[in-house]
>>> print(open('work.cif').read())   # mmCIF, C-alpha atoms and all ligand atoms
data_run
loop_
_atom_site.group_PDB
_atom_site.id
_atom_site.type_symbol
_atom_site.label_atom_id
_atom_site.label_comp_id
_atom_site.auth_asym_id
_atom_site.auth_seq_id
_atom_site.Cartn_x
_atom_site.Cartn_y
_atom_site.Cartn_z
ATOM 1 C CA MET A 218 17.258 -22.915 -6.785
ATOM 2 C CA GLN A 219 19.859 -24.467 -4.487
ATOM 3 C CA ASP A 220 21.647 -26.065 -7.470
ATOM 4 C CA ILE A 221 21.747 -22.683 -9.227
ATOM 5 C CA SER A 222 23.142 -21.008 -6.100
ATOM 6 C CA LEU A 223 25.763 -23.722 -5.628
ATOM 7 C CA SER A 224 26.897 -23.267 -9.205
ATOM 8 C CA LEU A 225 26.927 -19.447 -8.861
ATOM 9 C CA ARG A 226 29.137 -19.844 -5.796
ATOM 10 C CA LYS A 227 31.489 -22.153 -7.746
ATOM 11 C CA GLN A 228 31.814 -19.392 -10.345
ATOM 12 C CA ASN A 229 32.801 -16.976 -7.560
ATOM 13 C CA GLU A 230 29.655 -14.885 -7.909
ATOM 14 C CA THR A 231 28.503 -12.935 -4.837
ATOM 15 C CA ILE A 232 24.844 -13.674 -4.148
ATOM 16 C CA GLY A 233 22.535 -10.996 -2.770
ATOM 17 C CA PHE A 234 19.147 -12.251 -1.572
ATOM 18 C CA VAL A 235 15.903 -10.325 -1.070
ATOM 19 C CA PRO A 236 13.079 -12.333 0.532
ATOM 20 C CA THR A 237 9.580 -10.875 0.020
ATOM 21 C CA MET A 238 5.906 -11.800 -0.009
ATOM 22 C CA GLY A 239 5.461 -10.122 -3.398
ATOM 23 C CA TYR A 240 3.131 -7.395 -4.641
ATOM 24 C CA LEU A 241 6.274 -5.326 -5.041
ATOM 25 C CA HIS A 242 6.542 -1.614 -4.342
ATOM 26 C CA LYS A 243 9.388 0.873 -4.158
ATOM 27 C CA GLY A 244 10.411 -0.397 -0.708
ATOM 28 C CA HIS A 245 11.123 -3.843 -2.179
ATOM 29 C CA ILE A 246 12.763 -2.276 -5.243
ATOM 30 C CA SER A 247 15.178 -0.339 -3.020
ATOM 31 C CA LEU A 248 16.338 -3.640 -1.488
ATOM 32 C CA ILE A 249 16.907 -5.189 -4.932
ATOM 33 C CA GLU A 250 18.846 -2.107 -6.075
ATOM 34 C CA LYS A 251 21.020 -2.153 -2.969
ATOM 35 C CA ALA A 252 21.688 -5.883 -3.451
ATOM 36 C CA LYS A 253 22.596 -5.246 -7.096
ATOM 37 C CA LYS A 254 25.092 -2.575 -6.053
ATOM 38 C CA ASP A 255 26.794 -4.848 -3.522
ATOM 39 C CA CYS A 256 26.621 -8.237 -5.252
ATOM 40 C CA THR A 257 27.165 -9.753 -8.703
ATOM 41 C CA LYS A 258 23.932 -11.817 -8.680
ATOM 42 C CA VAL A 259 20.591 -11.034 -7.057
ATOM 43 C CA ILE A 260 17.905 -13.534 -6.109
ATOM 44 C CA LEU A 261 14.445 -12.290 -5.149
ATOM 45 C CA SER A 262 12.033 -14.704 -3.513
ATOM 46 C CA ILE A 263 8.267 -14.312 -3.473
ATOM 47 C CA PHE A 264 6.495 -16.504 -0.966
ATOM 48 C CA VAL A 265 3.423 -15.689 1.075
ATOM 49 C CA ASN A 266 4.329 -17.821 4.069
ATOM 50 C CA PRO A 267 1.216 -19.315 5.708
ATOM 51 C CA THR A 268 2.945 -20.107 9.015
ATOM 52 C CA GLN A 269 3.598 -16.455 9.855
ATOM 53 C CA PHE A 270 -0.087 -15.496 9.615
ATOM 54 C CA GLY A 271 -2.357 -15.948 12.597
ATOM 55 C CA LYS A 272 -6.013 -16.993 12.614
ATOM 56 C CA GLY A 273 -8.205 -14.256 11.162
ATOM 57 C CA GLU A 274 -5.245 -12.460 9.548
ATOM 58 C CA ASP A 275 -4.998 -11.684 5.841
ATOM 59 C CA TYR A 276 -3.219 -14.810 4.487
ATOM 60 C CA GLU A 277 -6.031 -15.698 2.062
ATOM 61 C CA LYS A 278 -6.495 -12.190 0.735
ATOM 62 C CA TYR A 279 -2.839 -11.090 0.652
ATOM 63 C CA PRO A 280 -2.447 -9.144 -2.640
ATOM 64 C CA LYS A 281 -0.735 -10.911 -5.545
ATOM 65 C CA ASP A 282 0.426 -9.900 -9.036
ATOM 66 C CA LEU A 283 3.182 -12.262 -10.080
ATOM 67 C CA ASN A 284 3.524 -11.097 -13.680
ATOM 68 C CA ARG A 285 3.936 -7.478 -12.655
ATOM 69 C CA ASP A 286 6.340 -8.499 -9.870
ATOM 70 C CA LYS A 287 8.555 -10.413 -12.318
ATOM 71 C CA ILE A 288 8.856 -7.394 -14.604
ATOM 72 C CA LEU A 289 9.562 -5.000 -11.713
ATOM 73 C CA ALA A 290 12.110 -7.402 -10.203
ATOM 74 C CA GLU A 291 13.966 -7.844 -13.477
ATOM 75 C CA THR A 292 13.966 -4.115 -14.225
ATOM 76 C CA ALA A 293 15.379 -3.380 -10.753
ATOM 77 C CA GLY A 294 18.215 -5.863 -11.271
ATOM 78 C CA SER A 295 17.086 -9.299 -10.026
ATOM 79 C CA ASP A 296 18.786 -12.135 -11.861
ATOM 80 C CA TYR A 297 16.450 -14.785 -10.442
ATOM 81 C CA VAL A 298 12.920 -14.720 -9.046
ATOM 82 C CA PHE A 299 12.275 -17.731 -6.819
ATOM 83 C CA VAL A 300 8.579 -18.473 -6.321
ATOM 84 C CA PRO A 301 8.129 -21.749 -4.436
ATOM 85 C CA SER A 302 4.722 -23.223 -3.702
ATOM 86 C CA VAL A 303 3.467 -23.889 -0.170
ATOM 87 C CA GLY A 304 3.697 -27.635 -0.856
ATOM 88 C CA GLU A 305 7.344 -27.338 -1.893
ATOM 89 C CA MET A 306 8.264 -25.360 1.222
ATOM 90 C CA TYR A 307 6.249 -27.443 3.687
ATOM 91 C CA ALA A 308 6.049 -31.165 3.047
ATOM 92 C CA GLU A 309 3.161 -32.943 4.784
ATOM 93 C CA ASN A 310 5.409 -34.196 7.585
ATOM 94 C CA PHE A 311 7.239 -30.895 8.150
ATOM 95 C CA LYS A 312 8.320 -30.681 11.797
ATOM 96 C CA ALA A 313 11.185 -28.173 12.178
ATOM 97 C CA SER A 314 10.924 -24.734 13.703
ATOM 98 C CA VAL A 315 13.296 -21.863 14.462
ATOM 99 C CA LYS A 316 12.601 -19.512 17.333
ATOM 100 C CA VAL A 317 14.565 -16.536 18.636
ATOM 101 C CA LYS A 318 13.622 -16.157 22.288
ATOM 102 C CA GLU A 319 12.755 -12.936 24.148
ATOM 103 C CA LEU A 320 13.052 -10.530 21.201
ATOM 104 C CA ASP A 321 9.754 -12.027 20.019
ATOM 105 C CA PHE A 322 7.857 -11.457 23.309
ATOM 106 C CA VAL A 323 7.349 -7.746 22.737
ATOM 107 C CA MET A 324 5.841 -5.322 20.218
ATOM 108 C CA CYS A 325 4.393 -7.190 17.199
ATOM 109 C CA GLY A 326 5.349 -10.504 18.835
ATOM 110 C CA SER A 327 2.863 -10.027 21.657
ATOM 111 C CA PHE A 328 0.016 -9.165 19.268
ATOM 112 C CA ARG A 329 0.864 -11.841 16.694
ATOM 113 C CA PRO A 330 1.764 -15.015 18.625
ATOM 114 C CA GLY A 331 3.822 -17.416 16.502
ATOM 115 C CA HIS A 332 4.448 -14.796 13.822
ATOM 116 C CA PHE A 333 8.215 -14.471 14.270
ATOM 117 C CA GLU A 334 8.673 -18.215 14.658
ATOM 118 C CA GLY A 335 6.988 -18.587 11.268
ATOM 119 C CA VAL A 336 9.220 -15.858 9.831
ATOM 120 C CA CYS A 337 12.454 -17.342 11.245
ATOM 121 C CA THR A 338 11.618 -20.839 10.062
ATOM 122 C CA VAL A 339 10.837 -19.771 6.503
ATOM 123 C CA VAL A 340 13.799 -17.376 6.300
ATOM 124 C CA ALA A 341 16.155 -20.104 7.587
ATOM 125 C CA LYS A 342 14.832 -22.400 4.845
ATOM 126 C CA LEU A 343 15.178 -19.683 2.210
ATOM 127 C CA PHE A 344 18.775 -18.992 3.318
ATOM 128 C CA ASN A 345 19.599 -22.691 2.978
ATOM 129 C CA ILE A 346 18.024 -22.757 -0.478
ATOM 130 C CA ALA A 347 19.359 -19.477 -1.919
ATOM 131 C CA LEU A 348 22.764 -19.711 -0.150
ATOM 132 C CA PRO A 349 23.334 -15.941 -0.216
ATOM 133 C CA HIS A 350 26.438 -14.044 0.849
ATOM 134 C CA ARG A 351 24.231 -11.126 1.886
ATOM 135 C CA ALA A 352 20.514 -10.850 2.598
ATOM 136 C CA TYR A 353 18.623 -7.555 2.485
ATOM 137 C CA PHE A 354 15.852 -6.595 4.914
ATOM 138 C CA GLY A 355 13.872 -3.371 5.278
ATOM 139 C CA LEU A 356 14.033 -1.467 8.557
ATOM 140 C CA LYS A 357 10.286 -0.911 8.093
ATOM 141 C CA ASP A 358 9.954 -4.301 9.818
ATOM 142 C CA TYR A 359 12.524 -3.368 12.448
ATOM 143 C CA GLN A 360 11.746 -6.159 14.908
ATOM 144 C CA GLN A 361 11.923 -8.733 12.101
ATOM 145 C CA TYR A 362 15.312 -7.340 11.011
ATOM 146 C CA LEU A 363 16.665 -7.571 14.565
ATOM 147 C CA ILE A 364 15.333 -11.096 15.112
ATOM 148 C CA ILE A 365 16.760 -12.357 11.796
ATOM 149 C CA LYS A 366 20.118 -10.763 12.618
ATOM 150 C CA LYS A 367 20.116 -12.591 15.968
ATOM 151 C CA MET A 368 19.126 -15.880 14.319
ATOM 152 C CA VAL A 369 22.013 -15.549 11.846
ATOM 153 C CA GLU A 370 24.463 -14.709 14.623
ATOM 154 C CA ASP A 371 23.329 -17.420 17.046
ATOM 155 C CA LEU A 372 22.979 -20.202 14.466
ATOM 156 C CA ASN A 373 26.154 -19.326 12.495
ATOM 157 C CA PHE A 374 24.528 -18.765 9.131
ATOM 158 C CA PRO A 375 27.492 -17.827 6.906
ATOM 159 C CA LEU A 376 25.977 -14.619 5.559
ATOM 160 C CA GLN A 377 25.601 -10.945 6.317
ATOM 161 C CA ILE A 378 22.283 -9.240 7.062
ATOM 162 C CA VAL A 379 21.951 -5.770 5.558
ATOM 163 C CA GLY A 380 19.281 -3.415 6.935
ATOM 164 C CA CYS A 381 17.882 -0.891 4.429
ATOM 165 C CA PRO A 382 16.075 2.412 5.083
ATOM 166 C CA ILE A 383 12.283 2.785 5.051
ATOM 167 C CA ILE A 384 10.925 4.032 1.735
ATOM 168 C CA ARG A 385 7.964 6.386 2.144
ATOM 169 C CA GLU A 386 5.184 7.918 0.042
ATOM 170 C CA ASP A 387 5.130 11.701 -0.475
ATOM 171 C CA ASP A 388 3.049 12.221 2.685
ATOM 172 C CA GLY A 389 5.473 10.142 4.759
ATOM 173 C CA VAL A 390 3.418 6.945 4.929
ATOM 174 C CA ALA A 391 5.723 3.907 4.791
ATOM 175 C CA MET A 392 5.218 1.886 1.626
ATOM 176 C CA SER A 393 3.553 -1.453 2.254
ATOM 177 C CA SER A 394 1.722 -4.051 0.184
ATOM 178 C CA ARG A 395 -1.047 -3.802 2.801
ATOM 179 C CA ASN A 396 -1.700 -0.117 1.945
ATOM 180 C CA LYS A 397 -3.710 -1.554 -0.950
ATOM 181 C CA TYR A 398 -6.437 -2.566 1.535
ATOM 182 C CA LEU A 399 -7.042 1.060 2.559
ATOM 183 C CA SER A 400 -9.905 3.130 1.185
ATOM 184 C CA LYS A 401 -9.060 6.645 -0.033
ATOM 185 C CA SER A 402 -9.941 8.291 3.258
ATOM 186 C CA GLU A 403 -8.291 5.534 5.309
ATOM 187 C CA ARG A 404 -5.116 5.981 3.258
ATOM 188 C CA LYS A 405 -5.176 9.721 3.903
ATOM 189 C CA ASN A 406 -5.555 9.157 7.640
ATOM 190 C CA ALA A 407 -2.771 6.545 7.695
ATOM 191 C CA ALA A 408 -0.329 9.475 7.747
ATOM 192 C CA ILE A 409 -1.165 9.905 11.445
ATOM 193 C CA LEU A 410 1.273 7.064 12.182
ATOM 194 C CA VAL A 411 4.353 8.852 10.848
ATOM 195 C CA GLU A 412 3.042 12.175 12.179
ATOM 196 C CA CYS A 413 3.031 10.741 15.718
ATOM 197 C CA LEU A 414 6.527 9.279 15.292
ATOM 198 C CA ASN A 415 7.832 12.665 14.131
ATOM 199 C CA GLN A 416 5.992 14.485 16.887
ATOM 200 C CA ALA A 417 7.457 12.173 19.534
ATOM 201 C CA ALA A 418 10.945 12.669 18.067
ATOM 202 C CA ASN A 419 10.474 16.448 18.087
ATOM 203 C CA LEU A 420 9.373 16.433 21.720
ATOM 204 C CA ILE A 421 12.540 14.511 22.622
ATOM 205 C CA LYS A 422 14.668 16.902 20.564
ATOM 206 C CA GLY A 423 12.933 19.731 22.446
ATOM 207 C CA GLY A 424 14.150 18.330 25.766
ATOM 208 C CA PHE A 425 11.326 16.034 26.959
ATOM 209 C CA THR A 426 12.798 12.986 28.628
ATOM 210 C CA ASN A 427 9.713 11.377 30.193
ATOM 211 C CA LEU A 428 8.719 8.915 27.515
ATOM 212 C CA GLU A 429 5.665 7.642 29.418
ATOM 213 C CA ASP A 430 4.105 11.100 29.055
ATOM 214 C CA ILE A 431 4.882 11.212 25.341
ATOM 215 C CA HIS A 432 3.496 7.669 25.008
ATOM 216 C CA ASN A 433 0.217 8.702 26.627
ATOM 217 C CA THR A 434 -0.094 11.828 24.464
ATOM 218 C CA MET A 435 0.517 9.862 21.265
ATOM 219 C CA CYS A 436 -1.868 7.036 22.199
ATOM 220 C CA GLU A 437 -4.570 9.640 22.914
ATOM 221 C CA LYS A 438 -3.950 11.335 19.577
ATOM 222 C CA LEU A 439 -4.047 8.039 17.697
ATOM 223 C CA SER A 440 -7.168 6.755 19.459
ATOM 224 C CA GLY A 441 -8.852 10.107 18.826
ATOM 225 C CA ASN A 442 -8.633 9.653 15.066
ATOM 226 C CA PRO A 443 -11.962 8.207 13.881
ATOM 227 C CA TYR A 444 -10.217 6.018 11.287
ATOM 228 C CA VAL A 445 -7.939 4.355 13.852
ATOM 229 C CA SER A 446 -9.848 1.310 15.098
ATOM 230 C CA LYS A 447 -7.099 0.113 17.494
ATOM 231 C CA VAL A 448 -3.706 1.142 18.794
ATOM 232 C CA ASP A 449 -1.679 -2.050 19.316
ATOM 233 C CA TYR A 450 1.347 -0.197 20.695
ATOM 234 C CA PHE A 451 3.356 3.008 20.617
ATOM 235 C CA ASP A 452 6.644 2.012 22.232
ATOM 236 C CA PHE A 453 10.012 3.466 23.102
ATOM 237 C CA ARG A 454 12.657 0.749 23.108
ATOM 238 C CA ASP A 455 16.371 0.124 23.052
ATOM 239 C CA SER A 456 17.181 -0.399 19.361
ATOM 240 C CA GLU A 457 19.404 -3.428 20.086
ATOM 241 C CA THR A 458 17.784 -5.199 23.020
ATOM 242 C CA LEU A 459 14.161 -4.006 22.553
ATOM 243 C CA GLU A 460 14.115 -3.245 26.289
ATOM 244 C CA ASN A 461 11.289 -0.837 27.173
ATOM 245 C CA ILE A 462 12.511 2.699 27.969
ATOM 246 C CA SER A 463 10.388 4.956 30.153
ATOM 247 C CA SER A 464 12.890 7.769 30.622
ATOM 248 C CA ILE A 465 15.798 8.720 28.414
ATOM 249 C CA ASP A 466 17.808 9.922 31.422
ATOM 250 C CA LYS A 467 17.589 6.576 33.171
ATOM 251 C CA HIS A 468 18.537 4.324 30.254
ATOM 252 C CA ASP A 469 22.160 3.440 29.577
ATOM 253 C CA PHE A 470 22.363 3.614 25.791
ATOM 254 C CA LYS A 471 26.131 3.321 25.809
ATOM 255 C CA ARG A 472 26.051 -0.128 27.449
ATOM 256 C CA SER A 473 24.379 -1.718 24.452
ATOM 257 C CA GLY A 474 25.761 0.785 21.917
ATOM 258 C CA SER A 475 22.207 1.413 20.858
ATOM 259 C CA ASN A 476 19.772 4.150 19.948
ATOM 260 C CA LEU A 477 16.167 4.888 20.768
ATOM 261 C CA LEU A 478 13.635 2.946 18.715
ATOM 262 C CA ILE A 479 10.190 4.521 18.476
ATOM 263 C CA ALA A 480 7.842 1.894 17.067
ATOM 264 C CA CYS A 481 4.131 1.807 16.522
ATOM 265 C CA ALA A 482 1.379 -0.513 15.273
ATOM 266 C CA ILE A 483 -2.218 0.526 14.703
ATOM 267 C CA ARG A 484 -5.252 -0.710 12.869
ATOM 268 C CA ILE A 485 -7.046 1.469 10.384
ATOM 269 C CA GLY A 486 -10.351 -0.254 9.734
ATOM 270 C CA GLY A 487 -9.319 -3.888 9.370
ATOM 271 C CA THR A 488 -5.792 -3.127 8.175
ATOM 272 C CA ARG A 489 -2.819 -3.426 10.520
ATOM 273 C CA LEU A 490 -0.074 -0.876 9.835
ATOM 274 C CA ILE A 491 3.370 -0.599 11.444
ATOM 275 C CA ASP A 492 6.056 2.063 11.326
ATOM 276 C CA ASN A 493 9.107 3.092 13.309
ATOM 277 C CA MET A 494 11.990 5.478 13.616
ATOM 278 C CA VAL A 495 15.453 4.920 15.048
ATOM 279 C CA PHE A 496 16.438 8.032 16.864
ATOM 280 C CA ASP A 497 20.107 8.869 17.346
ATOM 281 C CA ILE A 498 20.159 9.596 21.053
ATOM 282 C CA GLY A 499 23.826 10.625 20.917
ATOM 283 C CA ARG A 500 22.843 13.724 18.985
ATOM 284 C CA VAL A 501 20.235 14.741 21.565
ATOM 285 C CA THR A 502 21.790 14.165 24.958
HETATM 286 P P1 LIG A 601 7.207 -8.062 2.656
HETATM 287 O O1 LIG A 601 6.987 -8.402 1.219
HETATM 288 O O2 LIG A 601 6.232 -7.082 3.215
HETATM 289 O O3 LIG A 601 7.390 -9.301 3.525
HETATM 290 O O4 LIG A 601 8.601 -7.301 2.727
HETATM 291 C C1 LIG A 601 9.766 -7.852 2.167
HETATM 292 C C2 LIG A 601 10.947 -7.004 2.576
HETATM 293 O O5 LIG A 601 10.751 -5.661 2.115
HETATM 294 C C3 LIG A 601 11.143 -6.918 4.088
HETATM 295 O O6 LIG A 601 12.523 -6.963 4.400
HETATM 296 C C4 LIG A 601 10.535 -5.577 4.418
HETATM 297 O O7 LIG A 601 11.079 -4.980 5.591
HETATM 298 C C5 LIG A 601 10.927 -4.774 3.196
HETATM 299 N N1 LIG A 601 10.059 -3.597 3.059
HETATM 300 C C6 LIG A 601 8.710 -3.561 3.052
HETATM 301 N N2 LIG A 601 8.260 -2.284 2.967
HETATM 302 C C7 LIG A 601 9.356 -1.492 2.942
HETATM 303 C C8 LIG A 601 9.565 -0.089 2.885
HETATM 304 N N3 LIG A 601 8.550 0.770 2.833
HETATM 305 N N4 LIG A 601 10.841 0.384 2.872
HETATM 306 C C9 LIG A 601 11.887 -0.480 2.931
HETATM 307 N N5 LIG A 601 11.754 -1.824 2.995
HETATM 308 C C10 LIG A 601 10.515 -2.331 2.998
#
>>> encode(input="work.cif", output="structure tokens", more="lines below")
Ligand code: AMP
Amino acid sequence: MQDISLSLRKQNETIGFVPTMGYLHKGHISLIEKAKKDCTKVILSIFVNPTQFGKGEDYEKYPKDLNRDKILAETAGSDYVFVPSVGEMYAENFKASVKVKELDFVMCGSFRPGHFEGVCTVVAKLFNIALPHRAYFGLKDYQQYLIIKKMVEDLNFPLQIVGCPIIREDDGVAMSSRNKYLSKSERKNAAILVECLNQAANLIKGGFTNLEDIHNTMCEKLSGNPYVSKVDYFDFRDSETLENISSIDKHDFKRSGSNLLIACAIRIGGTRLIDNMVFDIGRVT
């Protein structure tokens, strides 16, 4: 793959890169299409990275359909599909690790210790293999996007990170390979996640500034749903620094040039689902 990328670069091609764990859906396809618009060659990688899964998580059962993925990827505009094996990515004596401090303490980081270190390490490797000019990430995984952007900035990776909007089902549920785990009634109830995000946003638009109150109301609503087995978090944070925000009035958004991130993670049965919304505070205050 690296030889191909080196030769593409020699031919003055612009390489767009879309890293995924496969089992493609329209969210992934939107990233490939965006990359195709911006770049002359698109590389998609499919790699279910063991080091970003914790004990008891779904590494072994993560859904796979490589043949279908290859067709979807090609139809959407991928020129190459890179599917390394675990052995190729991690030799027996593999020792390196990439960690972005602080941004990984909070939100998903505090519920999935080691997750973002696994993500950064594999993405750093993939960048060095695919040698892209631009890499495309979904804002669905907002914290991941922010952490990768920081890694690229701090470690001088010569590429641009492009964040792409969340693609949703008709009822608003964010597309995810993990939605496959949900039973019919669980899937129907998964819409509560986006409902709560919208409701929180509407309360803020309506003039509520005490985010702790909104947090409590939303956590109660989520916990009250019989299909929600656990609420990991429902957080209001600065969209650049991930600082916790308890009151809109008291937070200086202008200092960091940021917006309000409303982010949430819950479990429905055994399935962990995340979603978020970046709220343009400038249009409210
Ligand atoms: P995954 O295969 O889940 O690791 O995701 C690969 C990439 O697709 C990541 O950058 C995700 O943020 C992005 N992605 C996943 N779901 C969506 C979605 N519903 N909308 C936009 N991007 C997504």
>>> atom_distance(input="work.cif", atom1="CA of Met392 (chain A)", atom2="CA of Leu428 (chain A)")
27.1 Å
>>> closest_residue(input="work.cif", among="A:Asn229, A:Ser393, A:Gln416, A:Ser475", to="ligand LIG 601 (chain A)", atoms="only C-alpha atoms and all ligand atoms")
A:Ser393
>>> closest_atom_pairs(input="work.cif", of="chain A", to="ligand LIG 601 (chain A)", cutoff="10 Å", atoms="all atoms listed in the file", output="CSV")
residue,atom,partner,partner_atom,distance
A:Val235,CA,A:LIG601,C2,7.0
A:Pro236,CA,A:LIG601,C1,5.8
A:Thr237,CA,A:LIG601,C1,3.7
A:Met238,CA,A:LIG601,O1,3.8
A:Gly239,CA,A:LIG601,O1,5.2
A:Tyr240,CA,A:LIG601,O1,7.1
A:Leu241,CA,A:LIG601,O1,7.0
A:His242,CA,A:LIG601,N2,7.5
A:Lys243,CA,A:LIG601,N3,7.0
A:Gly244,CA,A:LIG601,N4,3.7
A:His245,CA,A:LIG601,O5,4.7
A:Ile246,CA,A:LIG601,N5,8.3
A:Ser247,CA,A:LIG601,C9,6.8
A:Leu248,CA,A:LIG601,N5,6.7
A:Ile249,CA,A:LIG601,O5,9.4
A:Leu261,CA,A:LIG601,C1,9.8
A:Ser262,CA,A:LIG601,C1,9.2
A:Ile263,CA,A:LIG601,O1,7.7
A:Phe264,CA,A:LIG601,O1,8.4
A:Val265,CA,A:LIG601,O3,7.9
A:Asn266,CA,A:LIG601,O3,9.1
A:Val336,CA,A:LIG601,O3,9.3
A:Ala352,CA,A:LIG601,O6,9.1
A:Tyr353,CA,A:LIG601,O6,6.4
A:Phe354,CA,A:LIG601,O6,3.4
A:Gly355,CA,A:LIG601,O7,3.2
A:Leu356,CA,A:LIG601,O7,5.5
A:Lys357,CA,A:LIG601,O7,4.8
A:Asp358,CA,A:LIG601,O7,4.4
A:Tyr359,CA,A:LIG601,O7,7.2
A:Gln360,CA,A:LIG601,O7,9.4
A:Gln361,CA,A:LIG601,O7,7.6
A:Tyr362,CA,A:LIG601,O6,7.2
A:Val379,CA,A:LIG601,O6,9.6
A:Gly380,CA,A:LIG601,O6,8.0
A:Cys381,CA,A:LIG601,C9,6.2
A:Pro382,CA,A:LIG601,C9,5.5
A:Ile383,CA,A:LIG601,N4,3.5
A:Ile384,CA,A:LIG601,N4,3.8
A:Arg385,CA,A:LIG601,N3,5.7
A:Glu386,CA,A:LIG601,N3,8.4
A:Val390,CA,A:LIG601,N3,8.3
A:Ala391,CA,A:LIG601,N3,4.7
A:Met392,CA,A:LIG601,N3,3.7
A:Ser393,CA,A:LIG601,N2,4.8
A:Ser394,CA,A:LIG601,O2,6.2
A:Arg395,CA,A:LIG601,O2,8.0
A:Ile491,CA,A:LIG601,N2,9.9
A:Asp492,CA,A:LIG601,N3,8.9
>>> atom_distance(input="work.cif", atom1="CA of Phe333 (chain A)", atom2="CA of Gly294 (chain A)")
28.7 Å
>>> axis_aligned_box(input="work.cif", around="region 352-368 of chain A", padding_each_side="6 Å", output="AutoDock Vina command-line options")
--center_x 15.2 --center_y -8.4 --center_z 9.2 --size_x 22.6 --size_y 27.0 --size_z 25.5
>>> resolve_selection(input="work.cif", expression="the PyMOL selection byres (((chain A and resi 498) around 12) and not hetatm)", output="MDAnalysis selection string")
chainID A and resid 418 421:422 424 426 454:456 465:466 468:471 474:479 494:497 499:502
>>> atom_distance(input="work.cif", atom1="CA of Asn406 (chain A)", atom2="CA of Ile462 (chain A)")
28.0 Å
>>> closest_residue(input="work.cif", among="A:Tyr297, A:Phe328, A:Phe322, A:Phe234", to="Leu459 (chain A)", atoms="all atoms listed in the file")
A:Phe322
>>> resolve_selection(input="work.cif", expression="the PyMOL selection byres (((chain A and resi 485) around 6) and not hetatm)", output="ChimeraX atom specification")
/A:444-446,484,486-488
>>> resolve_selection(input="work.cif", expression="the PyMOL selection byres (((chain A and resi 350) around 7) and not hetatm)", output="list in words")
Thr231, Ile232, Gly233, Leu348, Pro349, Arg351, Ala352, Leu376 and Gln377 of chain A
>>> closest_residue(input="work.cif", among="A:Pro267, A:Val300, A:Thr458, A:Asp321", to="Tyr279 (chain A)", atoms="only C-alpha atoms")
A:Pro267
>>> closest_residue(input="work.cif", among="A:Ser463, A:Ser222, A:Ser302, A:Asn427", to="Val259 (chain A)", atoms="all atoms listed in the file")
A:Ser222
>>> residues_around(input="work.cif", residues="Ser314 (chain A)", least_positions_apart="3", cutoff="12 Å", atoms="all atoms listed in the file", output="list in words")
Thr268, Gln269, Tyr307, Phe311, Val317, Gly331, His332, Phe333, Glu334, Gly335, Val336, Cys337, Thr338, Val339, Val340, Ala341 and Lys342 of chain A
